[in-house]
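Below: the structure, in structure tokens.
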Amino acid sequence: ISTARRILKQFGDPKWRSGDRDNLTDRVDSAIRYSGTHALLGDEAQRMVDRNGEVRSDDLADWFKERHANTGCCIVLLGLGRLRYLIERDDQIERRWSNEIRIEPYWWVGPKGEANLEDQADYIGFVLALQNASPIPFAADLRLDQLDDTDIDKAALRFYYASRGVPGYEAKLIKAALRIAIRNPAAHSIIDLALLEAAFAAEFRFKQKGMENPFSKEWKPFLPDGKPHLPPPLRDDSLLLHAKKRRRRPTKREKSRALRTAMTVR
């Protein structure tokens, strides 16, 4: 019911709050058909599966399946890796869904430790786009479009280490730096290493992740052997907190006891 109301609200239904399940569902189907909607996108969909792999919303998965069957509308669920357990739990559900598309973070190096030049270039372009969009200018030694190749890598590695290649973490870092600068404009006219160091320390639980602050003066972009100073790997978001325990087969004694109990109850 909550999901149907949210969808109707997005469609502009003035009475999106009212109606029972059947009424809301019929109105969702009508809105999809008459608006010519080709796809519905649901973000944070992994919340239908708890961290132990148990599906919390069996009914919601079936409801989405019915909307696809009734309207032909494509359903796209976006979320963390544990979302796959929603699909795998039921053959009928799995039959209707395409294979998952995994959006990986940027990788500075490849699986064999080789430089991943394509991801490096894409990531540098992403950081530069954020720098260009910033209302407060970046210091010259951090502007990726004003440095030579060696200095670009040094500066970009600071950002890469902080974000671990995840665009959302990079945006979080820049927003944190902007908040600090806006609150105290007299002290921060540009975004420099000191401001980024404070922003990273304020917003990231980096010590708990086994990380260092990459914007401190002591941090080195390259290790003594010349290899890039890379962050710890990200946790696999498809892994469960507690693996499901296998059910132990009962012994003959336990079977006999259960049988006697059942006969007593009868």
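Labels used: A, B, ... for chains in the order of the structure tokens, numbers from 1 for residues in each chain, and numbers from 1 for ligands as shown.
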Check range 12-206 of chain A with DSSP on the backbone and list each residue it calls strand (DSSP E or B), as an MDAnalysis selection string. chainID A and resid 39:42 49 55 74:77 109 115 138 191
Dump C-alpha atoms for the selected residues as an mmCIF file, in the first residue's frame?
```
data_model
loop_
_atom_site.group_PDB
_atom_site.id
_atom_site.type_symbol
_atom_site.label_atom_id
_atom_site.label_comp_id
_atom_site.auth_asym_id
_atom_site.auth_seq_id
_atom_site.Cartn_x
_atom_site.Cartn_y
_atom_site.Cartn_z
ATOM 1 C CA ALA A 39 9.543 1.765 -16.736
ATOM 2 C CA LEU A 40 9.314 2.205 -12.989
ATOM 3 C CA LEU A 41 12.577 2.669 -11.072
ATOM 4 C CA GLY A 42 12.737 1.757 -7.398
ATOM 5 C CA VAL A 49 15.996 -8.114 1.971
ATOM 6 C CA VAL A 55 13.191 -11.490 2.296
ATOM 7 C CA CYS A 74 9.551 -2.621 -17.048
ATOM 8 C CA ILE A 75 10.435 -2.716 -13.337
ATOM 9 C CA VAL A 76 13.987 -1.657 -12.457
ATOM 10 C CA LEU A 77 15.157 -2.228 -8.886
ATOM 11 C CA VAL A 109 44.583 -0.735 -10.842
ATOM 12 C CA ALA A 115 47.354 0.402 -14.181
ATOM 13 C CA PHE A 138 40.142 24.672 -5.529
ATOM 14 C CA ILE A 191 39.402 24.498 -1.029
#
```
Glu66 in chain A: which residues within 10 Å, counting only C-alpha atoms, same-chain residues fewer than 6 positions away excluded, as a list in words? Thr25, Asp29, Leu60 and Gly72 of chain A
Neighbour list for range 92-108 of chain A as a ChimeraX atom specification, cut-off 9 Å, only C-alpha atoms, skip fewer than 4 positions in-chain: /A:61-62,65,75,81,84,86-88,114-120,122-123,157,160,164-167,228,230
Residue neighbourhood Asp20 in chain A, 12 Å, only C-alpha atoms, exclusion window fewer than 3 positions, as an MDAnalysis selection string: chainID A and resid 1:2 4:5 15:17 23:27
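Residues of range 144-173 of chain A that DSSP places in alpha helix (DSSP H), based on the backbone of this structure, are Asp149, Thr150, Asp151, Ile152, Asp153, Lys154, Ala155, Ala156, Leu157, Arg158, Phe159, Tyr160, Tyr161, Ala162, Ser163, Pro167, Gly168, Tyr169, Glu170, Ala171, Lys172 and Leu173 of chain A.
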Fewer than 2 positions away in the same chain doesn't count, so skip those; otherwise give me all residues within 10 Å of His229 in chain A, counting only C-alpha atoms, as a count of residues only. 16
Restricting to only C-alpha atoms, whichever of A:Asp149, A:Leu178, A:Asp91, A:Ser163 is closest to Ser134 in chain A is A:Leu178
In Å, with one decimal, what is the gap from CA of Leu128 in chain A to CA of Leu144 in chain A?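 Between these atoms lies a distance of 6.1 Å.
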I'd like the interatomic distance between CA of Ala140 in chain A and CA of Met211 in chain A, to a tenth of an Å.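 One can read the CA of Ala140 in chain A to CA of Met211 in chain A distance as 25.8 Å.
CA of Val127 in chain A is found 7.7 Å from CA of Glu170 in chain A.
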